[in-house]
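Below is start28.pdb, which holds PDB, C-alpha atoms, pLDDT in the B column.
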MODEL        1
ATOM      1  CA  MET A 241     202.693   3.491  34.925  1.00 77.00           C
ATOM      2  CA  ILE A 242     199.368   4.369  36.546  1.00 70.00           C
ATOM      3  CA  PRO A 243     199.291   3.912  40.353  1.00 71.00           C
ATOM      4  CA  ASP A 244     196.292   1.910  41.601  1.00 73.00           C
ATOM      5  CA  ASP A 245     195.533   4.585  44.173  1.00 71.00           C
ATOM      6  CA  HIS A 246     195.366   7.369  41.592  1.00 67.00           C
ATOM      7  CA  PRO A 247     191.896   8.994  41.792  1.00 66.00           C
ATOM      8  CA  ARG A 248     191.590   8.788  37.990  1.00 68.00           C
ATOM      9  CA  ALA A 249     193.128   5.320  37.654  1.00 65.00           C
ATOM     10  CA  ALA A 250     190.148   3.635  35.950  1.00 80.00           C
ATOM     11  CA  SER A 251     189.662   6.508  33.521  1.00 80.00           C
ATOM     12  CA  LEU A 252     193.365   6.676  32.698  1.00 80.00           C
ATOM     13  CA  MET A 253     193.510   2.911  32.076  1.00 86.00           C
ATOM     14  CA  THR A 254     190.578   3.210  29.685  1.00 88.00           C
ATOM     15  CA  ARG A 255     192.387   5.958  27.805  1.00 89.00           C
ATOM     16  CA  GLU A 256     195.532   3.828  27.610  1.00 89.00           C
ATOM     17  CA  LYS A 257     193.545   0.948  26.090  1.00 92.00           C
ATOM     18  CA  LEU A 258     192.162   3.256  23.431  1.00 92.00           C
ATOM     19  CA  VAL A 259     195.589   4.728  22.644  1.00 91.00           C
ATOM     20  CA  ASP A 260     196.953   1.189  22.333  1.00 93.00           C
ATOM     21  CA  GLY A 261     194.045   0.333  20.056  1.00 93.00           C
ATOM     22  CA  PHE A 262     194.836   3.394  17.954  1.00 93.00           C
ATOM     23  CA  LYS A 263     198.440   2.264  17.558  1.00 95.00           C
ATOM     24  CA  ARG A 264     197.227  -1.181  16.430  1.00 95.00           C
ATOM     25  CA  ASN A 265     194.777   0.215  13.841  1.00 94.00           C
ATOM     26  CA  ILE A 266     191.717  -0.874  15.818  1.00 96.00           C
ATOM     27  CA  VAL A 267     190.681   2.642  16.873  1.00 94.00           C
ATOM     28  CA  VAL A 268     190.650   5.735  14.648  1.00 92.00           C
ATOM     29  CA  ALA A 269     191.568   9.244  15.796  1.00 88.00           C
ATOM     30  CA  GLU A 270     187.901  10.218  15.631  1.00 90.00           C
ATOM     31  CA  GLY A 271     187.165   7.428  18.101  1.00 88.00           C
ATOM     32  CA  LEU A 272     189.467   9.059  20.634  1.00 87.00           C
ATOM     33  CA  ILE A 273     187.495  12.295  20.303  1.00 87.00           C
ATOM     34  CA  ALA A 274     184.201  10.432  20.695  1.00 89.00           C
ATOM     35  CA  HIS A 275     185.455   8.806  23.887  1.00 86.00           C
ATOM     36  CA  GLY A 276     186.369  12.179  25.354  1.00 81.00           C
ATOM     37  CA  ARG A 277     182.857  13.426  24.679  1.00 86.00           C
ATOM     38  CA  GLY A 278     181.366  10.399  26.399  1.00 87.00           C
ATOM     39  CA  GLU A 279     183.722  10.733  29.342  1.00 89.00           C
ATOM     40  CA  ALA A 280     182.396  14.249  29.954  1.00 89.00           C
ATOM     41  CA  PHE A 281     178.906  12.793  30.402  1.00 92.00           C
ATOM     42  CA  ASP A 282     180.317  10.114  32.709  1.00 92.00           C
ATOM     43  CA  TYR A 283     181.612  12.857  35.007  1.00 90.00           C
ATOM     44  CA  LEU A 284     178.001  14.045  35.365  1.00 91.00           C
ATOM     45  CA  LEU A 285     177.018  10.535  36.464  1.00 91.00           C
ATOM     46  CA  GLY A 286     179.770  10.521  39.068  1.00 90.00           C
ATOM     47  CA  GLU A 287     181.386   7.698  37.066  1.00 90.00           C
ATOM     48  CA  LYS A 288     178.946   5.278  38.683  1.00 92.00           C
ATOM     49  CA  THR A 289     176.241   2.983  37.374  1.00 95.00           C
ATOM     50  CA  THR A 290     172.808   4.369  38.210  1.00 96.00           C
ATOM     51  CA  GLU A 291     169.741   2.361  39.232  1.00 97.00           C
ATOM     52  CA  MET A 292     168.193   3.281  35.885  1.00 96.00           C
ATOM     53  CA  ALA A 293     171.192   1.827  34.054  1.00 97.00           C
ATOM     54  CA  GLU A 294     171.000  -1.351  36.145  1.00 98.00           C
ATOM     55  CA  SER A 295     167.360  -1.765  35.114  1.00 98.00           C
ATOM     56  CA  ALA A 296     168.297  -1.238  31.476  1.00 98.00           C
ATOM     57  CA  VAL A 297     171.073  -3.844  31.748  1.00 98.00           C
ATOM     58  CA  ARG A 298     168.558  -6.358  33.089  1.00 98.00           C
ATOM     59  CA  ALA A 299     166.144  -5.582  30.244  1.00 98.00           C
ATOM     60  CA  ALA A 300     168.949  -5.898  27.687  1.00 98.00           C
ATOM     61  CA  ALA A 301     170.053  -9.236  29.136  1.00 98.00           C
ATOM     62  CA  ALA A 302     166.495 -10.572  28.968  1.00 98.00           C
ATOM     63  CA  LEU A 303     166.019  -9.389  25.379  1.00 98.00           C
ATOM     64  CA  LEU A 304     169.273 -10.989  24.225  1.00 98.00           C
ATOM     65  CA  LEU A 305     168.212 -14.282  25.795  1.00 97.00           C
ATOM     66  CA  ILE A 306     164.751 -14.392  24.214  1.00 97.00           C
ATOM     67  CA  SER A 307     165.922 -13.224  20.784  1.00 97.00           C
ATOM     68  CA  LYS A 308     166.102 -15.852  18.076  1.00 97.00           C
ATOM     69  CA  ASN A 309     168.887 -14.201  16.072  1.00 97.00           C
ATOM     70  CA  ALA A 310     170.787 -11.575  18.067  1.00 98.00           C
ATOM     71  CA  VAL A 311     173.917  -9.869  16.728  1.00 98.00           C
ATOM     72  CA  LEU A 312     176.550  -7.925  18.663  1.00 98.00           C
ATOM     73  CA  SER A 313     177.802  -5.090  16.435  1.00 96.00           C
ATOM     74  CA  VAL A 314     181.410  -4.142  17.176  1.00 97.00           C
ATOM     75  CA  ASN A 315     183.296  -0.972  16.283  1.00 95.00           C
ATOM     76  CA  GLY A 316     186.890  -0.029  17.043  1.00 95.00           C
ATOM     77  CA  ASN A 317     186.372   1.523  20.473  1.00 94.00           C
ATOM     78  CA  ALA A 318     184.247  -1.401  21.658  1.00 96.00           C
ATOM     79  CA  ALA A 319     186.861  -3.894  20.480  1.00 96.00           C
ATOM     80  CA  ALA A 320     189.711  -1.999  22.151  1.00 96.00           C
ATOM     81  CA  LEU A 321     187.877  -1.708  25.469  1.00 96.00           C
ATOM     82  CA  CYS A 322     185.739  -4.833  25.810  1.00 96.00           C
ATOM     83  CA  ALA A 323     186.739  -7.566  23.349  1.00 97.00           C
ATOM     84  CA  LYS A 324     186.840 -10.185  26.114  1.00 97.00           C
ATOM     85  CA  GLU A 325     183.368  -9.344  27.420  1.00 98.00           C
ATOM     86  CA  ILE A 326     181.915  -9.168  23.896  1.00 98.00           C
ATOM     87  CA  VAL A 327     183.095 -12.708  23.214  1.00 98.00           C
ATOM     88  CA  GLU A 328     181.775 -13.895  26.583  1.00 98.00           C
ATOM     89  CA  LEU A 329     178.389 -12.302  25.917  1.00 98.00           C
ATOM     90  CA  ALA A 330     178.194 -13.939  22.500  1.00 98.00           C
ATOM     91  CA  ASP A 331     179.071 -17.341  23.974  1.00 97.00           C
ATOM     92  CA  ILE A 332     176.459 -17.127  26.739  1.00 97.00           C
ATOM     93  CA  THR A 333     173.612 -15.804  24.586  1.00 97.00           C
ATOM     94  CA  GLY A 334     174.412 -17.561  21.308  1.00 96.00           C
ATOM     95  CA  ALA A 335     174.570 -14.170  19.579  1.00 98.00           C
ATOM     96  CA  LYS A 336     176.713 -13.580  16.509  1.00 98.00           C
ATOM     97  CA  ILE A 337     179.519 -11.013  16.392  1.00 98.00           C
ATOM     98  CA  GLU A 338     179.788  -8.621  13.456  1.00 97.00           C
ATOM     99  CA  VAL A 339     182.281  -5.855  12.740  1.00 96.00           C
ATOM    100  CA  ASN A 340     180.614  -2.631  11.574  1.00 93.00           C
ATOM    101  CA  LEU A 341     182.548   0.607  11.086  1.00 92.00           C
ATOM    102  CA  PHE A 342     181.903   4.190  10.037  1.00 88.00           C
ATOM    103  CA  TYR A 343     185.564   4.660   9.105  1.00 88.00           C
ATOM    104  CA  ARG A 344     185.844   1.355   7.302  1.00 90.00           C
ATOM    105  CA  THR A 345     188.961  -0.146   5.808  1.00 92.00           C
ATOM    106  CA  GLU A 346     189.638  -3.817   5.363  1.00 92.00           C
ATOM    107  CA  GLU A 347     192.840  -3.442   7.394  1.00 94.00           C
ATOM    108  CA  ARG A 348     190.842  -2.142  10.367  1.00 94.00           C
ATOM    109  CA  GLU A 349     188.212  -4.833   9.953  1.00 95.00           C
ATOM    110  CA  ARG A 350     190.872  -7.525  10.050  1.00 96.00           C
ATOM    111  CA  ALA A 351     192.638  -5.926  13.025  1.00 97.00           C
ATOM    112  CA  ILE A 352     189.363  -5.897  14.985  1.00 97.00           C
ATOM    113  CA  LYS A 353     188.591  -9.457  13.934  1.00 97.00           C
ATOM    114  CA  ALA A 354     192.046 -10.549  15.126  1.00 97.00           C
ATOM    115  CA  GLU A 355     191.497  -8.802  18.478  1.00 97.00           C
ATOM    116  CA  LEU A 356     188.173 -10.611  18.969  1.00 98.00           C
ATOM    117  CA  GLU A 357     189.708 -13.932  17.960  1.00 97.00           C
ATOM    118  CA  ARG A 358     192.550 -13.337  20.392  1.00 96.00           C
ATOM    119  CA  HIS A 359     189.898 -13.335  23.114  1.00 97.00           C
ATOM    120  CA  GLY A 360     188.257 -16.533  21.894  1.00 96.00           C
ATOM    121  CA  ALA A 361     185.803 -15.524  19.159  1.00 97.00           C
ATOM    122  CA  ARG A 362     185.186 -18.460  16.829  1.00 95.00           C
ATOM    123  CA  GLN A 363     183.341 -16.548  14.104  1.00 96.00           C
ATOM    124  CA  VAL A 364     183.407 -12.843  13.253  1.00 97.00           C
ATOM    125  CA  LEU A 365     181.058 -11.586  10.543  1.00 97.00           C
ATOM    126  CA  GLY A 366     181.141  -8.423   8.441  1.00 95.00           C
ATOM    127  CA  VAL A 367     184.782  -8.489   7.355  1.00 95.00           C
ATOM    128  CA  GLY A 368     185.819  -7.786   3.758  1.00 93.00           C
ATOM    129  CA  GLU A 369     183.518  -9.176   1.105  1.00 91.00           C
ATOM    130  CA  LYS A 370     181.287 -10.694   3.782  1.00 92.00           C
ATOM    131  CA  ALA A 371     179.779  -7.234   4.305  1.00 91.00           C
ATOM    132  CA  SER A 372     177.928  -7.497   0.999  1.00 92.00           C
ATOM    133  CA  ALA A 373     174.399  -6.481   2.059  1.00 93.00           C
ATOM    134  CA  ARG A 374     173.148  -2.922   2.481  1.00 92.00           C
ATOM    135  CA  ILE A 375     170.946  -1.165   5.036  1.00 91.00           C
ATOM    136  CA  PRO A 376     168.384   1.031   3.252  1.00 85.00           C
ATOM    137  CA  GLU A 377     168.487   4.824   3.699  1.00 78.00           C
ATOM    138  CA  LEU A 378     172.175   4.938   4.697  1.00 81.00           C
ATOM    139  CA  SER A 379     174.997   6.349   2.571  1.00 82.00           C
ATOM    140  CA  SER A 380     177.894   5.911   5.016  1.00 84.00           C
ATOM    141  CA  GLU A 381     180.048   2.799   5.267  1.00 84.00           C
ATOM    142  CA  ARG A 382     177.812   1.784   8.184  1.00 81.00           C
ATOM    143  CA  ARG A 383     175.297   0.634   5.560  1.00 90.00           C
ATOM    144  CA  ARG A 384     177.424  -2.403   4.699  1.00 91.00           C
ATOM    145  CA  VAL A 385     176.366  -5.433   6.726  1.00 94.00           C
ATOM    146  CA  ASP A 386     176.739  -9.191   6.603  1.00 95.00           C
ATOM    147  CA  PRO A 387     173.755 -11.007   5.035  1.00 95.00           C
ATOM    148  CA  GLU A 388     174.177 -13.710   7.672  1.00 96.00           C
ATOM    149  CA  GLY A 389     174.385 -11.216  10.517  1.00 96.00           C
ATOM    150  CA  ILE A 390     172.810  -7.811  11.058  1.00 96.00           C
ATOM    151  CA  LEU A 391     170.704  -8.008   7.893  1.00 95.00           C
ATOM    152  CA  VAL A 392     168.673 -10.942   9.251  1.00 96.00           C
ATOM    153  CA  ALA A 393     168.961 -10.203  12.982  1.00 97.00           C
ATOM    154  CA  ASP A 394     165.902  -9.661  15.143  1.00 97.00           C
ATOM    155  CA  THR A 395     167.943  -7.895  17.857  1.00 98.00           C
ATOM    156  CA  VAL A 396     171.105  -5.836  17.352  1.00 98.00           C
ATOM    157  CA  PHE A 397     173.376  -4.672  20.186  1.00 98.00           C
ATOM    158  CA  VAL A 398     175.056  -1.449  19.022  1.00 95.00           C
ATOM    159  CA  PRO A 399     177.290   0.034  21.736  1.00 92.00           C
ATOM    160  CA  LEU A 400     178.943   3.397  21.010  1.00 86.00           C
ATOM    161  CA  GLU A 401     176.768   3.830  17.935  1.00 78.00           C
ATOM    162  CA  ASP A 402     176.049   6.701  15.588  1.00 74.00           C
ATOM    163  CA  GLY A 403     172.386   7.615  15.412  1.00 82.00           C
ATOM    164  CA  ASP A 404     171.616   7.236  11.709  1.00 86.00           C
ATOM    165  CA  ARG A 405     172.149   3.477  11.687  1.00 89.00           C
ATOM    166  CA  THR A 406     170.192   2.994  14.908  1.00 92.00           C
ATOM    167  CA  GLU A 407     167.263   4.817  13.340  1.00 91.00           C
ATOM    168  CA  ALA A 408     167.584   2.747  10.151  1.00 92.00           C
ATOM    169  CA  LEU A 409     167.705  -0.538  12.065  1.00 94.00           C
ATOM    170  CA  ALA A 410     164.592   0.449  14.014  1.00 92.00           C
ATOM    171  CA  LYS A 411     162.785   1.237  10.749  1.00 92.00           C
ATOM    172  CA  MET A 412     163.689  -2.267   9.548  1.00 93.00           C
ATOM    173  CA  GLY A 413     161.752  -3.649  12.515  1.00 94.00           C
ATOM    174  CA  LYS A 414     164.753  -4.764  14.528  1.00 96.00           C
ATOM    175  CA  SER A 415     165.016  -4.403  18.293  1.00 97.00           C
ATOM    176  CA  VAL A 416     168.041  -2.251  19.134  1.00 97.00           C
ATOM    177  CA  ILE A 417     170.016  -2.197  22.381  1.00 98.00           C
ATOM    178  CA  THR A 418     172.593   0.531  22.838  1.00 97.00           C
ATOM    179  CA  VAL A 419     175.069   1.834  25.402  1.00 97.00           C
ATOM    180  CA  ASP A 420     175.338   5.616  25.261  1.00 94.00           C
ATOM    181  CA  LEU A 421     176.485   8.045  27.947  1.00 94.00           C
ATOM    182  CA  ASN A 422     174.588  10.846  26.208  1.00 92.00           C
ATOM    183  CA  PRO A 423     170.865  10.310  26.887  1.00 92.00           C
ATOM    184  CA  LEU A 424     169.968  13.059  24.376  1.00 91.00           C
ATOM    185  CA  SER A 425     171.717  11.515  21.385  1.00 92.00           C
ATOM    186  CA  ARG A 426     169.752  10.173  18.412  1.00 91.00           C
ATOM    187  CA  THR A 427     171.046   6.717  19.239  1.00 93.00           C
ATOM    188  CA  ALA A 428     169.793   6.888  22.820  1.00 94.00           C
ATOM    189  CA  ARG A 429     166.400   8.149  21.725  1.00 94.00           C
ATOM    190  CA  ALA A 430     165.940   5.740  18.802  1.00 94.00           C
ATOM    191  CA  ALA A 431     166.986   2.493  20.513  1.00 96.00           C
ATOM    192  CA  ASN A 432     164.461   0.176  22.155  1.00 96.00           C
ATOM    193  CA  ILE A 433     166.702  -0.234  25.218  1.00 97.00           C
ATOM    194  CA  THR A 434     169.257   2.432  26.069  1.00 97.00           C
ATOM    195  CA  ILE A 435     171.820   1.838  28.805  1.00 98.00           C
ATOM    196  CA  VAL A 436     173.104   5.256  29.887  1.00 97.00           C
ATOM    197  CA  ASP A 437     176.433   4.197  31.335  1.00 96.00           C
ATOM    198  CA  ASN A 438     180.092   3.658  30.497  1.00 95.00           C
ATOM    199  CA  LEU A 439     180.687   0.618  28.277  1.00 96.00           C
ATOM    200  CA  VAL A 440     183.549  -0.607  30.472  1.00 95.00           C
ATOM    201  CA  ARG A 441     181.086  -0.920  33.383  1.00 96.00           C
ATOM    202  CA  VAL A 442     178.178  -2.179  31.304  1.00 97.00           C
ATOM    203  CA  MET A 443     179.808  -5.154  29.603  1.00 97.00           C
ATOM    204  CA  PRO A 444     180.892  -7.071  32.741  1.00 97.00           C
ATOM    205  CA  ALA A 445     177.505  -6.303  34.332  1.00 98.00           C
ATOM    206  CA  LEU A 446     175.662  -7.482  31.220  1.00 98.00           C
ATOM    207  CA  VAL A 447     177.616 -10.747  31.101  1.00 98.00           C
ATOM    208  CA  GLN A 448     176.872 -11.313  34.779  1.00 97.00           C
ATOM    209  CA  LYS A 449     173.162 -10.519  34.395  1.00 98.00           C
ATOM    210  CA  VAL A 450     172.756 -12.779  31.359  1.00 98.00           C
ATOM    211  CA  SER A 451     174.403 -15.610  33.299  1.00 97.00           C
ATOM    212  CA  ALA A 452     171.997 -15.048  36.210  1.00 97.00           C
ATOM    213  CA  LEU A 453     168.888 -14.957  33.996  1.00 97.00           C
ATOM    214  CA  LYS A 454     169.792 -17.778  31.621  1.00 94.00           C
ATOM    215  CA  GLY A 455     167.524 -20.762  32.029  1.00 89.00           C
ATOM    216  CA  LYS A 456     164.788 -18.820  33.803  1.00 90.00           C
ATOM    217  CA  ASP A 457     161.249 -18.582  32.473  1.00 86.00           C
TER     218      ASP A 457
ENDMDL
END
Please render this file's structure as structure tokens.
Amino acid sequence: MIPDDHPRAASLMTREKLVDGFKRNIVVAEGLIAHGRGEAFDYLLGEKTTEMAESAVRAAAALLLISKNAVLSVNGNAAALCAKEIVELADITGAKIEVNLFYRTEERERAIKAELERHGARQVLGVGEKASARIPELSSERRRVDPEGILVADTVFVPLEDGDRTEALAKMGKSVITVDLNPLSRTARAANITIVDNLVRVMPALVQKVSALKGKD
């Protein structure tokens, strides 16, 4: 039990979600390490959303709305932390949802798909044989994408990404939006729009901003 008045309550709840995701085969052990690294950067931000991040969220919301074929790429950590908001964002923008993993097994893919469907996702791409296309220049399992999803997308949202795929997507001419607490990472530097903030703060803000901008010129 985590008391609401605990000074680290939000951070501890986030950790609990990831541990739960690990137990349910959504998150891998390496994902727990990656979160700890990101959390260290969040301390430097004072665990608050900066004005720069707010501007980036607005830009990301606008880009998702004007894109003709946007795809939200989901890994284990993102699914464990923000499945509800991912589904909401897809519904509001008309974007597709695709599972894409570095540590890929079909069991994990299906566990993440089930988590997204539990929160209302009607279609989840990139699972099993659906991930039959390949991103050039990549040798990791990240290269496998859905021919109806990331392969043909004009904009790809890649929160908590590893840099090699972000660079490859940019070379393919796609617009890339990322959420990365480390502004010096390859992902942060290669993306078109980088939101330097914690994903658990970004996703509700992004859903809210998209809702506010939708229908505007």
* To do: Could you tell me which of A:Val416, A:Val327, A:Ala335, A:Leu421 comes closest to Tyr283 (chain A) if we count all atoms listed in the file?
  =>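 For Tyr283 (chain A), the nearest of the candidates is A:Leu421.
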* Within 9 Å of Glu287 (chain A), counting all atoms listed in the file, which residues qualify if same-chain residues fewer than 4 places away don't, as a ChimeraX atom specification? -> /A:279,281-283,437-438
* Asked: Which is closer to Gly389 (chain A) than all the others in A:Leu453, A:Val314, A:Ala250, A:Met241, using all atoms listed in the file?
  -> A:Val314
* How far is it from CA of Lys263 (chain A) to CA of Phe342 (chain A), in Å with one decimal? ->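 Pair CA of Lys263 (chain A) / CA of Phe342 (chain A) returns 18.3 Å.
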* For CA of Ile352 (chain A) and CA of Gly316 (chain A), quote the distance in Å rounded to one decimal. => 6.7 Å
* Asked: Given the file above and the PyMOL selection byres ((chain A and resi 451) around 10), which residues are selected, and can you give them as a PyMOL selection string?
  -> chain A and resi 301+305+329+332-333+445-450+452-455
* Name the residues that the PyMOL selection byres ((chain A and resi 415) around 8) picks from the file above, as a list in words, using the file's chain letters and numbers. =>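 So the PyMOL selection byres ((chain A and resi 415) around 8) ends up selecting Asp394, Thr395, Val396, Leu409, Ala410, Gly413, Lys414, Val416, Ile417, Ala431 and Asn432 of chain A.
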Writing out the chosen residues with C-alpha atoms as a PDB file, keeping the file's coordinate frame:
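Written file, again24.pdb:
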ATOM      1  CA  ASP A 394     165.902  -9.661  15.143  1.00 97.00           C
ATOM      2  CA  THR A 395     167.943  -7.895  17.857  1.00 98.00           C
ATOM      3  CA  VAL A 396     171.105  -5.836  17.352  1.00 98.00           C
ATOM      4  CA  LEU A 409     167.705  -0.538  12.065  1.00 94.00           C
ATOM      5  CA  ALA A 410     164.592   0.449  14.014  1.00 92.00           C
ATOM      6  CA  GLY A 413     161.752  -3.649  12.515  1.00 94.00           C
ATOM      7  CA  LYS A 414     164.753  -4.764  14.528  1.00 96.00           C
ATOM      8  CA  VAL A 416     168.041  -2.251  19.134  1.00 97.00           C
ATOM      9  CA  ILE A 417     170.016  -2.197  22.381  1.00 98.00           C
ATOM     10  CA  ALA A 431     166.986   2.493  20.513  1.00 96.00           C
ATOM     11  CA  ASN A 432     164.461   0.176  22.155  1.00 96.00           C
TER      12      ASN A 432
END
* Specify as a ChimeraX atom specification each residue included when the PyMOL selection byres ((chain A and resi 268) around 12) is applied to this file. => /A:258-267,269-275,315-320,341-345,347-349,351-352
* Asked: Leaving out Thr418 (chain A) and any residue of its chain fewer than 6 positions from it, which residues lie within 6 Å of it when counting all atoms listed in the file, given as a list in words?
  ->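 Non-adjacent residues within range: Phe397, Val398, Pro399 and Thr434 of chain A.
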* **d(CA of Val442 (chain A), CA of Arg350 (chain A)) in Å** =>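 Straight-line distance from CA of Val442 (chain A) to CA of Arg350 (chain A) works out to 25.3 Å.
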* Which of A:Ala330, A:Ala430, A:Leu391, A:Ala373 sits closest to Glu407 (chain A) [using only C-alpha atoms] -> A:Ala430
* Pick from A:Leu400, A:Ala428, A:Ala408, A:Ala361, whichever lies nearest to Arg374 (chain A) using all atoms listed in the file ->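 Under the stated criterion, the closest residue is A:Ala408.
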* Asked: So, counting all atoms listed in the file, which residue among A:Ala280, A:Leu252, A:Met412, A:Val311 is closest to Asp386 (chain A)?
  -> A:Val311
